[in-house]
Structure formats: C-alpha cells, structure tokens
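Trainee: Just structure11.txt, nothing more (compact mmCIF, C-alpha atoms):
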# COMPACT_ATOMS: atom_id res chain seq x y z
CA GLU A 1 0.00 0.00 0.00
CA GLY A 2 1.11 3.58 -0.54
CA SER A 3 4.26 4.64 -2.36
CA PHE A 4 6.67 2.45 -4.29
CA ALA A 5 9.52 3.11 -1.84
CA GLU A 6 11.78 0.20 -0.94
CA ARG A 7 10.44 -2.02 1.84
CA THR A 8 12.68 -3.55 4.51
CA PHE A 9 12.06 -6.22 7.12
CA SER A 10 13.48 -6.23 10.64
CA ALA A 11 13.81 -10.00 10.73
CA PRO A 12 15.39 -12.35 8.17
CA GLN A 13 13.37 -14.92 6.23
CA VAL A 14 10.03 -13.21 6.88
CA VAL A 15 8.77 -14.15 3.42
CA THR A 16 9.17 -17.64 1.99
CA VAL A 17 8.92 -17.96 -1.80
CA THR A 18 8.24 -21.39 -3.29
CA PRO A 19 8.19 -22.45 -6.94
CA LEU A 20 4.83 -22.54 -8.69
CA VAL A 21 3.34 -26.00 -9.10
CA SER A 22 0.94 -26.37 -12.03
CA THR A 23 -1.34 -29.23 -13.04
CA PRO A 24 -1.62 -30.28 -16.72
CA LEU A 25 -5.12 -29.78 -18.15
CA VAL A 26 -6.44 -31.88 -21.04
CA ASP A 27 -9.25 -30.93 -23.43
CA GLY A 28 -12.53 -32.57 -22.48
CA VAL A 29 -11.21 -33.99 -19.20
CA PRO A 30 -12.64 -32.06 -16.20
CA ALA A 31 -10.18 -31.19 -13.45
CA ASN A 32 -11.64 -31.42 -9.94
CA GLY A 33 -10.04 -29.55 -7.09
CA SER A 34 -10.72 -27.83 -3.79
CA ILE A 35 -10.09 -24.46 -2.21
CA ASP A 36 -9.33 -25.18 1.44
CA LEU A 37 -8.10 -21.78 2.64
CA PRO A 38 -9.29 -18.20 2.02
CA PHE A 39 -7.67 -16.65 -1.07
CA GLN A 40 -5.99 -19.91 -2.02
CA SER A 41 -5.54 -20.48 -5.76
CA ALA A 42 -4.83 -23.41 -8.07
CA THR A 43 -2.80 -23.18 -11.28
CA TYR A 44 -3.10 -25.31 -14.43
CA ARG A 45 -1.06 -25.50 -17.62
CA TYR A 46 -3.14 -25.91 -20.77
CA VAL A 47 -2.13 -26.66 -24.36
CA ALA A 48 -4.99 -27.08 -26.83
CA THR A 49 -5.36 -30.25 -28.83
CA THR A 50 -4.51 -29.84 -32.54
CA PRO A 51 -6.55 -32.54 -34.34
CA ASP A 52 -5.71 -31.71 -37.93
CA ALA A 53 -3.06 -29.65 -39.70
CA GLY A 54 -2.55 -27.39 -36.71
CA ARG A 55 -6.15 -26.12 -36.73
CA VAL A 56 -7.54 -25.38 -33.27
CA ASP A 57 -11.25 -24.88 -32.57
CA PRO A 58 -12.43 -22.19 -30.15
CA VAL A 59 -12.32 -23.42 -26.57
CA ILE A 60 -14.70 -22.59 -23.73
CA ILE A 61 -12.89 -22.44 -20.39
CA SER A 62 -15.21 -22.58 -17.38
CA VAL A 63 -15.12 -23.21 -13.66
CA ALA A 64 -18.10 -24.34 -11.57
CA SER A 65 -18.36 -24.72 -7.79
CA SER A 66 -20.11 -27.23 -5.58
CA SER A 67 -21.20 -24.34 -3.33
CA THR A 68 -23.86 -21.74 -4.10
CA THR A 69 -22.27 -19.22 -1.71
CA VAL A 70 -19.08 -18.70 -3.74
CA ALA A 71 -18.39 -17.86 -7.36
CA PRO A 72 -14.80 -18.77 -8.26
CA LYS A 73 -13.42 -17.53 -11.55
CA VAL A 74 -10.55 -18.61 -13.76
CA ALA A 75 -7.82 -16.22 -14.85
CA VAL A 76 -6.38 -16.97 -18.28
CA LEU A 77 -2.77 -15.94 -18.95
CA GLY A 78 -0.70 -16.34 -22.09
CA SER A 79 2.47 -18.40 -22.38
CA ALA A 80 4.61 -15.82 -20.55
CA GLY A 81 2.39 -16.11 -17.48
CA ARG A 82 2.41 -12.34 -16.90
CA TRP A 83 -0.48 -10.83 -14.98
CA SER A 84 0.01 -7.60 -16.93
CA GLN A 85 -1.11 -9.60 -20.00
CA LEU A 86 -4.23 -11.11 -18.43
CA LEU A 87 -6.54 -12.39 -21.19
CA SER A 88 -9.65 -12.97 -19.10
CA TYR A 89 -10.93 -13.39 -15.55
CA SER A 90 -14.42 -14.88 -15.56
CA GLY A 91 -16.51 -17.89 -14.65
CA SER A 92 -16.63 -18.74 -18.35
CA THR A 93 -14.59 -17.42 -21.23
CA ALA A 94 -13.68 -18.43 -24.77
CA ILE A 95 -10.34 -18.28 -26.53
CA THR A 96 -9.08 -19.41 -29.91
CA PRO A 97 -5.78 -20.96 -28.81
CA ILE A 98 -2.52 -20.61 -30.70
CA PRO A 99 -1.43 -24.12 -31.75
CA ASN A 100 1.15 -25.73 -29.42
CA GLU A 101 1.27 -22.62 -27.19
CA PRO A 102 0.73 -23.08 -23.44
CA TYR A 103 -1.77 -21.07 -21.41
CA TRP A 104 -1.85 -20.69 -17.63
CA LEU A 105 -5.24 -21.03 -15.92
CA VAL A 106 -5.57 -19.88 -12.31
CA VAL A 107 -8.70 -20.72 -10.29
CA PHE A 108 -9.38 -18.09 -7.62
CA ASP A 109 -12.29 -16.87 -5.50
CA ALA A 110 -11.83 -13.18 -4.75
CA SER A 111 -14.43 -13.22 -1.93
CA GLY A 112 -12.14 -15.32 0.25
CA GLY A 113 -14.43 -18.33 0.33
CA SER A 114 -12.97 -21.66 1.41
CA GLY A 115 -13.90 -25.29 1.97
CA PHE A 116 -15.51 -25.84 -1.43
CA GLN A 117 -14.97 -28.08 -4.44
CA TYR A 118 -14.72 -26.88 -8.04
CA THR A 119 -14.53 -28.33 -11.54
CA LEU A 120 -12.45 -26.70 -14.28
CA THR A 121 -13.14 -27.68 -17.88
CA THR A 122 -11.86 -26.83 -21.34
CA THR A 123 -14.32 -27.67 -24.09
CA PRO A 124 -13.49 -27.27 -27.81
CA VAL A 125 -16.62 -26.24 -29.70
CA ALA A 126 -17.52 -25.25 -33.22
CA ARG A 127 -18.36 -21.58 -33.62
CA THR A 128 -21.93 -20.76 -34.67
CA MET A 129 -22.16 -17.74 -36.95
CA GLU A 130 -24.82 -15.08 -36.58
CA GLU A 131 -27.61 -15.08 -39.14
CA GLU A 132 -30.01 -12.17 -39.58
CA PRO A 133 -32.86 -11.66 -39.07
CA ASN A 134 -32.79 -12.75 -35.44
CA ASP A 135 -34.77 -9.91 -33.89
CA THR A 136 -37.47 -12.02 -32.18
CA PHE A 137 -37.41 -15.31 -30.33
CA GLU A 138 -39.25 -16.97 -33.23
CA MET A 139 -36.26 -16.01 -35.44
CA ALA A 140 -33.63 -17.10 -32.91
CA ARG A 141 -30.45 -18.73 -34.23
CA ALA A 142 -30.06 -22.25 -32.81
CA ALA A 143 -26.84 -22.98 -30.93
CA THR A 144 -25.51 -26.00 -29.05
CA LEU A 145 -24.65 -26.21 -25.35
CA PRO A 146 -21.96 -25.29 -24.53
CA GLY A 147 -21.63 -22.91 -27.44
CA ILE A 148 -20.04 -19.83 -28.92
CA VAL A 149 -22.06 -17.64 -31.27
CA GLY A 150 -20.32 -14.90 -33.20
CA PRO A 151 -19.02 -12.63 -34.25
CA MET A 152 -22.37 -10.96 -33.62
CA GLN A 153 -23.35 -7.33 -34.08
CA LEU A 154 -25.92 -5.03 -32.56
CA ALA A 155 -26.52 -2.97 -35.68
CA SER A 156 -28.40 -0.09 -34.04
CA LEU A 157 -29.43 1.21 -30.64
CA THR A 158 -32.69 -0.73 -30.96
CA ASP A 159 -31.32 -3.94 -32.49
CA VAL A 160 -31.67 -7.16 -30.47
CA ASP A 161 -30.19 -10.62 -31.09
CA TRP A 162 -31.93 -13.85 -30.06
CA VAL A 163 -30.28 -17.27 -29.72
CA LYS A 164 -32.03 -20.58 -28.96
CA VAL A 165 -30.50 -23.44 -26.96
CA THR A 166 -31.99 -26.76 -25.91
CA ALA A 167 -31.57 -28.11 -22.38
CA THR A 168 -31.66 -31.83 -21.69
CA GLN A 169 -33.22 -33.61 -18.72
CA ALA A 170 -29.73 -33.93 -17.21
CA GLU A 171 -29.43 -30.13 -17.16
CA VAL A 172 -32.67 -29.48 -15.25
CA GLY A 173 -31.91 -27.62 -12.02
CA LYS A 174 -28.70 -26.12 -13.41
CA ARG A 175 -28.32 -22.55 -14.70
CA LEU A 176 -27.61 -21.08 -18.10
CA HIS A 177 -24.44 -19.00 -17.84
CA VAL A 178 -24.32 -16.28 -20.49
CA VAL A 179 -21.21 -14.20 -21.17
CA THR A 180 -20.57 -11.52 -23.80
CA GLN A 181 -16.98 -10.66 -24.74
CA PRO A 182 -15.05 -8.87 -27.54
CA GLY A 183 -15.66 -8.54 -30.52
CA ASP A 184 -15.15 -4.88 -29.78
CA ALA A 185 -13.78 -4.07 -26.34
CA ASP A 186 -16.31 -1.27 -25.74
CA THR A 187 -19.49 -3.02 -26.89
CA ASP A 188 -22.02 -2.46 -24.07
CA THR A 189 -24.56 -5.28 -23.86
CA VAL A 190 -27.43 -6.48 -21.68
CA VAL A 191 -28.52 -10.13 -21.68
CA GLU A 192 -31.59 -12.00 -20.46
CA VAL A 193 -32.67 -15.66 -20.54
CA PHE A 194 -36.27 -16.66 -21.35
CA GLY A 195 -38.26 -19.86 -21.09
CA SER A 196 -39.72 -21.93 -23.91
CA ASP A 197 -42.48 -19.37 -24.57
CA GLY A 198 -39.90 -16.65 -25.28
CA VAL A 199 -41.69 -14.39 -22.77
CA THR A 200 -41.14 -15.77 -19.25
CA SER A 201 -37.85 -14.42 -17.89
CA LEU A 202 -35.54 -16.75 -15.95
CA GLY A 203 -34.12 -14.26 -13.48
CA GLY A 204 -34.44 -10.92 -15.24
CA GLU A 205 -31.85 -8.86 -17.08
CA SER A 206 -28.13 -8.92 -16.31
CA ASP A 207 -26.91 -6.25 -13.89
CA ASP A 208 -25.30 -4.06 -16.61
CA PHE A 209 -22.55 -2.94 -14.23
CA GLY A 210 -19.88 -3.06 -16.94
CA LEU A 211 -19.62 -3.21 -20.70
CA HIS A 212 -19.66 -6.97 -21.27
CA GLU A 213 -21.98 -9.18 -19.25
CA ASP A 214 -21.43 -12.27 -17.07
CA HIS A 215 -24.92 -13.46 -16.16
CA SER A 216 -26.51 -16.62 -14.75
CA SER A 217 -30.19 -17.44 -15.11
CA ASP A 218 -32.51 -18.95 -12.55
CA PRO A 219 -32.39 -22.77 -12.46
CA ILE A 220 -33.65 -24.53 -15.59
CA PRO A 221 -37.14 -25.85 -14.68
CA ALA A 222 -37.58 -28.48 -17.41
CA ALA A 223 -35.98 -29.94 -20.51
CA GLY A 224 -36.70 -27.99 -23.68
CA ASP A 225 -35.88 -24.85 -25.61
CA TYR A 226 -34.63 -21.66 -23.96
CA TYR A 227 -33.84 -18.28 -25.44
CA VAL A 228 -31.08 -15.73 -24.86
CA LYS A 229 -31.75 -12.11 -25.75
CA VAL A 230 -28.91 -9.60 -26.22
CA SER A 231 -29.61 -5.88 -26.50
CA VAL A 232 -27.78 -2.56 -26.28
CA SER A 233 -27.31 -1.12 -22.79
CA THR A 234 -29.49 1.86 -21.91
CA PHE A 235 -26.27 3.67 -21.00
CA VAL A 236 -25.42 3.88 -24.72
CA SER A 237 -26.85 7.01 -26.36
CA VAL A 238 -24.91 7.09 -29.65
CA TRP A 239 -24.41 3.96 -31.77
CA ASP A 240 -20.88 3.33 -33.06
CA ALA A 241 -20.02 0.51 -35.46
CA ALA A 242 -16.66 0.09 -33.72
CA GLU A 243 -18.50 -0.61 -30.43
CA SER A 244 -21.13 -3.05 -31.67
CA HIS A 245 -19.50 -6.47 -32.19
CA TYR A 246 -19.34 -9.25 -29.61
CA ASP A 247 -19.12 -13.00 -29.06
CA LEU A 248 -21.80 -14.80 -27.06
CA LEU A 249 -20.86 -17.72 -24.79
CA ILE A 250 -23.55 -19.97 -23.35
CA THR A 251 -22.76 -22.78 -20.92
CA VAL A 252 -24.69 -24.81 -18.32
CA GLU A 253 -23.50 -24.83 -14.73
Take the structure from the file and write it as structure tokens.
Mentor:
Amino acid sequence: EGSFAERTFSAPQVVTVTPLVSTPLVDGVPANGSIDLPFQSATYRYVATTPDAGRVDPVIISVASSSTTVAPKVAVLGSAGRWSQLLSYSGSTAITPIPNEPYWLVVFDASGGSGFQYTLTTTPVARTMEEEPNDTFEMARAATLPGIVGPMQLASLTDVDWVKVTATQAEVGKRLHVVTQPGDADTDTVVEVFGSDGVTSLGGESDDFGLHEDHSSDPIPAAGDYYVKVSVSTFVSVWDAAESHYDLLITVE
C-alpha cells in the first residue's frame, strides 16, 4: 500500500517464496479440485489439442463450484504467465488458442471463500455464426450447449439478437451462464434468458454494471428450448459501429 519506496524487514526470512506448481489440463477432461483456505488459488497449464493440420477450434474455459455461496473464476494468462497480459478473468470465457502454445489457468475466489470443491473444464466447440434476421425469439439462431455464437453485431441502438439453446433432462436444475466478450472491447450489452415461450424471464436482465456481461439465469425448470436475448445497454446514447460487435458464450453450470 502507498508509495513504491523500498520495503525492509526487521527479521530475516520473513517471506518464503516457493516455486509454482501447475497441473496439466487436457481438453474434455474435467479437473476437480478444492479451495481449502481463504484466497488460495490453483494453477493449471493448458495446451490445446490440434486434431488436424494445426487447426484449433475455439475453446470454452469454465469453472463451476459445488457451493452456491461462492463464485470462483478462472484467470487466463498467455504463455509468458504475466499478470500484466491477463486475457480474461471470468466464470466462463472463450479463446481461440494458438497451436502448441501453453496457457496458464488460475482458479481463484476473490471473496475469500474456502472449503468448497470446483470443476475446471476446457471444451473445444464449433463456432456458430450469426444469421439475420434474429430480432425475435421466433427467429432465434439455434446454438448447441456449450456454445459460442459470433461474431455478432448489434446494428443499431434498438437492435436485439436472439439465440435458442436446448436443455436436456440432465441439465434441469442447473443454470444457463451467459457471457458476452469482444468482438469490440467497448461493446455495451445487456442479456436475459427466457423460457420456452420466449416471454417468461428466468431471473431478469443482467446487472449491466460493466460493458460486457457475465450473467446466470434462474435454475432450468424443465428440458426444452430456452432463449437468450442480447440488447444494447441503456447507458449507450450514440451507436458506433466500432463498439457493436461481440461473441456470445452460453454454458450450463
């Protein structure tokens, strides 16, 4: 805290520094772990699978907890492992990995929660492209779960985008986790999840505290179709094409 002046300690060996221990993470193989102490973290080393000619599909990286009182997130760092080059810090995020390049994933709960289990997953998925018109739930573009839709664009202040996903019986009681991300860094979105009628909201709109949204619905009540609506934040008064593109991530947790 305070200035950047040199700090000294009156006793030797006050701080013990130990080498970082990381756990290898494999595509499609969930990693289960626990946070036993407040502000404890766990670090993983991830290299995407390259199935053919070096091509790598987009990958959804997500962390889910066994406890409803905490919300751990996963920090994604590039190969250098520098915090100054943080790529993402979210419950779910998507990256298009560079072939054969390692990424560092750090699970952390900033609230200081402890004594809970978590599952960290990396899931390669095919990208679903936006197709217009998709301005009503009847016109919604179908996407798989988990899925990435984009690049998408909100083409005016009044434009809305609808996406349809289908929940299975095994996903009843879980939540749809919806994240918007660049696209354009300054795209300001609001998201909301609706039931099979396209009208009944599952938990209302996202909080709209920042530009991009990280929103979880109420629990899924039954197997069937559900709809995600994305619109422009009411804080935006002037539409700008350079602030209108985004990717939409939808997972079940």
Trainee: Determine, counting all atoms listed in the file, every residue of protein, DNA or RNA that lies within 10 Å of (-14.1, -28.3, -5.5) in the file coordinates, then give the result as an mmCIF file with C-alpha atoms, in the frame of the given file.
Mentor:
data_model
loop_
_atom_site.group_PDB
_atom_site.id
_atom_site.type_symbol
_atom_site.label_atom_id
_atom_site.label_comp_id
_atom_site.auth_asym_id
_atom_site.auth_seq_id
_atom_site.Cartn_x
_atom_site.Cartn_y
_atom_site.Cartn_z
ATOM 1 C CA ALA A 31 -10.180 -31.190 -13.450
ATOM 2 C CA ASN A 32 -11.640 -31.420 -9.940
ATOM 3 C CA GLY A 33 -10.040 -29.550 -7.090
ATOM 4 C CA SER A 34 -10.720 -27.830 -3.790
ATOM 5 C CA ILE A 35 -10.090 -24.460 -2.210
ATOM 6 C CA ASP A 36 -9.330 -25.180 1.440
ATOM 7 C CA VAL A 63 -15.120 -23.210 -13.660
ATOM 8 C CA ALA A 64 -18.100 -24.340 -11.570
ATOM 9 C CA SER A 65 -18.360 -24.720 -7.790
ATOM 10 C CA SER A 66 -20.110 -27.230 -5.580
ATOM 11 C CA SER A 67 -21.200 -24.340 -3.330
ATOM 12 C CA PRO A 72 -14.800 -18.770 -8.260
ATOM 13 C CA SER A 114 -12.970 -21.660 1.410
ATOM 14 C CA GLY A 115 -13.900 -25.290 1.970
ATOM 15 C CA PHE A 116 -15.510 -25.840 -1.430
ATOM 16 C CA GLN A 117 -14.970 -28.080 -4.440
ATOM 17 C CA TYR A 118 -14.720 -26.880 -8.040
ATOM 18 C CA THR A 119 -14.530 -28.330 -11.540
ATOM 19 C CA LEU A 120 -12.450 -26.700 -14.280
#
Trainee: Can you tell me how far CA of Pro38 (chain A) sits from CA of Val106 (chain A), in Å to one decimal?
Mentor: 14.9 Å
Trainee: Can you check which parts of region 145-221 of chain A lie within 12 Å of region 79-103 of chain A? Per residue, the shortest pair of atoms and distance in Å to one decimal, counting only C-alpha atoms, sorted by chain and number, as JSON lines.
Mentor:
{"residue": "A:Pro146", "atom": "CA", "partner": "A:Ser92", "partner_atom": "CA", "distance": 10.5}
{"residue": "A:Gly147", "atom": "CA", "partner": "A:Ala94", "partner_atom": "CA", "distance": 9.5}
{"residue": "A:Ile148", "atom": "CA", "partner": "A:Ala94", "partner_atom": "CA", "distance": 7.7}
{"residue": "A:Val149", "atom": "CA", "partner": "A:Ala94", "partner_atom": "CA", "distance": 10.6}
{"residue": "A:Gly150", "atom": "CA", "partner": "A:Ala94", "partner_atom": "CA", "distance": 11.3}
{"residue": "A:Leu176", "atom": "CA", "partner": "A:Ser92", "partner_atom": "CA", "distance": 11.2}
{"residue": "A:His177", "atom": "CA", "partner": "A:Ser92", "partner_atom": "CA", "distance": 7.8}
{"residue": "A:Val178", "atom": "CA", "partner": "A:Ser92", "partner_atom": "CA", "distance": 8.4}
{"residue": "A:Val179", "atom": "CA", "partner": "A:Ser92", "partner_atom": "CA", "distance": 7.0}
{"residue": "A:Thr180", "atom": "CA", "partner": "A:Thr93", "partner_atom": "CA", "distance": 8.8}
{"residue": "A:Gln181", "atom": "CA", "partner": "A:Thr93", "partner_atom": "CA", "distance": 8.0}
{"residue": "A:Pro182", "atom": "CA", "partner": "A:Ala94", "partner_atom": "CA", "distance": 10.0}
{"residue": "A:Gly183", "atom": "CA", "partner": "A:Ala94", "partner_atom": "CA", "distance": 11.6}
{"residue": "A:His212", "atom": "CA", "partner": "A:Ser90", "partner_atom": "CA", "distance": 11.1}
{"residue": "A:Glu213", "atom": "CA", "partner": "A:Ser90", "partner_atom": "CA", "distance": 10.2}
{"residue": "A:Asp214", "atom": "CA", "partner": "A:Ser90", "partner_atom": "CA", "distance": 7.6}
{"residue": "A:His215", "atom": "CA", "partner": "A:Gly91", "partner_atom": "CA", "distance": 9.6}
{"residue": "A:Ser216", "atom": "CA", "partner": "A:Gly91", "partner_atom": "CA", "distance": 10.1}
Trainee: Could you list, as a list in words, every residue within 10 Å of Gly203 (chain A), counting all atoms listed in the file and ignoring same-chain residues fewer than 3 positions away?
Mentor: Glu192, Val193, Phe194, Thr200, Ser206, His215, Ser216, Ser217, Asp218 and Pro219 of chain A
Trainee: Can you tell me how far CA of Leu20 (chain A) sits from CA of Ala42 (chain A), in Å to one decimal?
Mentor: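 Result for CA of Leu20 (chain A) versus CA of Ala42 (chain A): 9.7 Å, one decimal.
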Trainee: Using only C-alpha atoms, which of A:Ala110, A:Leu248, A:Ala143, A:Val238 sits nearest Asp225 (chain A)?
Mentor: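 The closest residue to Asp225 (chain A) is A:Ala143.
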Trainee: In Å, how far is it from CA of Trp104 (chain A) to CA of Leu77 (chain A)?
Mentor: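 According to the coordinates, CA of Trp104 (chain A) and CA of Leu77 (chain A) are separated by 5.0 Å.
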Trainee: Need to verify the contact set: Lys164 (chain A), 6 Å, only C-alpha atoms, exclusion of same-chain residues closer than 3 positions in sequence. Can you return it as number ranges by chain?
Mentor: A: 140-142, 226-227
Trainee: Rank nothing, just name the residue among A:Leu211, A:Met152, A:Val125, A:Val107 nearest to Thr234 (chain A), using only C-alpha atoms.
Mentor: A:Leu211
Trainee: Between A:Ile250, A:Leu25, A:Val191, A:Met129, which is the closest to Arg175 (chain A) once you count all atoms listed in the file?
Mentor: A:Ile250
Trainee: How would you write as a PDB file with C-alpha atoms, in the frame of the given file the residues that get within 7 Å of (-28.8, -26.9, -11.8) in the file's frame, counting all atoms listed in the file?
Mentor:
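Saved the output as part-v1.pdb:
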ATOM      1  CA  GLU A 171     -29.430 -30.130 -17.160  1.00  0.00           C
ATOM      2  CA  VAL A 172     -32.670 -29.480 -15.250  1.00  0.00           C
ATOM      3  CA  GLY A 173     -31.910 -27.620 -12.020  1.00  0.00           C
ATOM      4  CA  LYS A 174     -28.700 -26.120 -13.410  1.00  0.00           C
ATOM      5  CA  ARG A 175     -28.320 -22.550 -14.700  1.00  0.00           C
ATOM      6  CA  PRO A 219     -32.390 -22.770 -12.460  1.00  0.00           C
ATOM      7  CA  ILE A 220     -33.650 -24.530 -15.590  1.00  0.00           C
ATOM      8  CA  GLU A 253     -23.500 -24.830 -14.730  1.00  0.00           C
TER       9      GLU A 253
END
Trainee: Have a look at A:Asn134, A:Thr166, A:Thr123, A:Ser196 and name the one nearest to Pro58 (chain A); count all atoms listed in the file.
Mentor: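 Smallest separation from Pro58 (chain A) among the options: A:Thr123.
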Trainee: Pick out the closest residue to Met139 (chain A) from this set: A:Val163, A:Ala170, A:Ser41, A:Ser156. Count only C-alpha atoms.
Mentor: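 Looking at the shortest contact to Met139 (chain A), the residue is A:Val163.
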Trainee: Mind giving me the axis-aligned box for region 95-99 of chain A with 5 Å on every side, centre plus edges in Å to one decimal, as lines of an AutoDock Vina configuration file?
Mentor:
center_x = -5.9
center_y = -21.2
center_z = -29.1
size_x = 18.9
size_y = 15.8
size_z = 15.2
Trainee: Do a neighbour search on Asp186 (chain A) at 12 Å with only C-alpha atoms, toss out local chain neighbours closer than 6 positions, and write the hits as a PyMOL selection string.
Mentor: chain A and resi 180+210-213+232-233+236+239-246
Trainee: Could you dump the residues just selected with C-alpha atoms as a PDB file, in the frame of the given file?
Mentor:
ATOM      1  CA  THR A 180     -20.570 -11.520 -23.800  1.00  0.00           C
ATOM      2  CA  GLY A 210     -19.880  -3.060 -16.940  1.00  0.00           C
ATOM      3  CA  LEU A 211     -19.620  -3.210 -20.700  1.00  0.00           C
ATOM      4  CA  HIS A 212     -19.660  -6.970 -21.270  1.00  0.00           C
ATOM      5  CA  GLU A 213     -21.980  -9.180 -19.250  1.00  0.00           C
ATOM      6  CA  VAL A 232     -27.780  -2.560 -26.280  1.00  0.00           C
ATOM      7  CA  SER A 233     -27.310  -1.120 -22.790  1.00  0.00           C
ATOM      8  CA  VAL A 236     -25.420   3.880 -24.720  1.00  0.00           C
ATOM      9  CA  TRP A 239     -24.410   3.960 -31.770  1.00  0.00           C
ATOM     10  CA  ASP A 240     -20.880   3.330 -33.060  1.00  0.00           C
ATOM     11  CA  ALA A 241     -20.020   0.510 -35.460  1.00  0.00           C
ATOM     12  CA  ALA A 242     -16.660   0.090 -33.720  1.00  0.00           C
ATOM     13  CA  GLU A 243     -18.500  -0.610 -30.430  1.00  0.00           C
ATOM     14  CA  SER A 244     -21.130  -3.050 -31.670  1.00  0.00           C
ATOM     15  CA  HIS A 245     -19.500  -6.470 -32.190  1.00  0.00           C
ATOM     16  CA  TYR A 246     -19.340  -9.250 -29.610  1.00  0.00           C
TER      17      TYR A 246
END
Trainee: With distances taken over all atoms listed in the file, which residue among A:Asp27, A:Glu131, A:Ser22, A:Thr187 lies nearest Leu105 (chain A)?
Mentor: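 Answer, going by the shortest atom-to-atom distance: A:Ser22.
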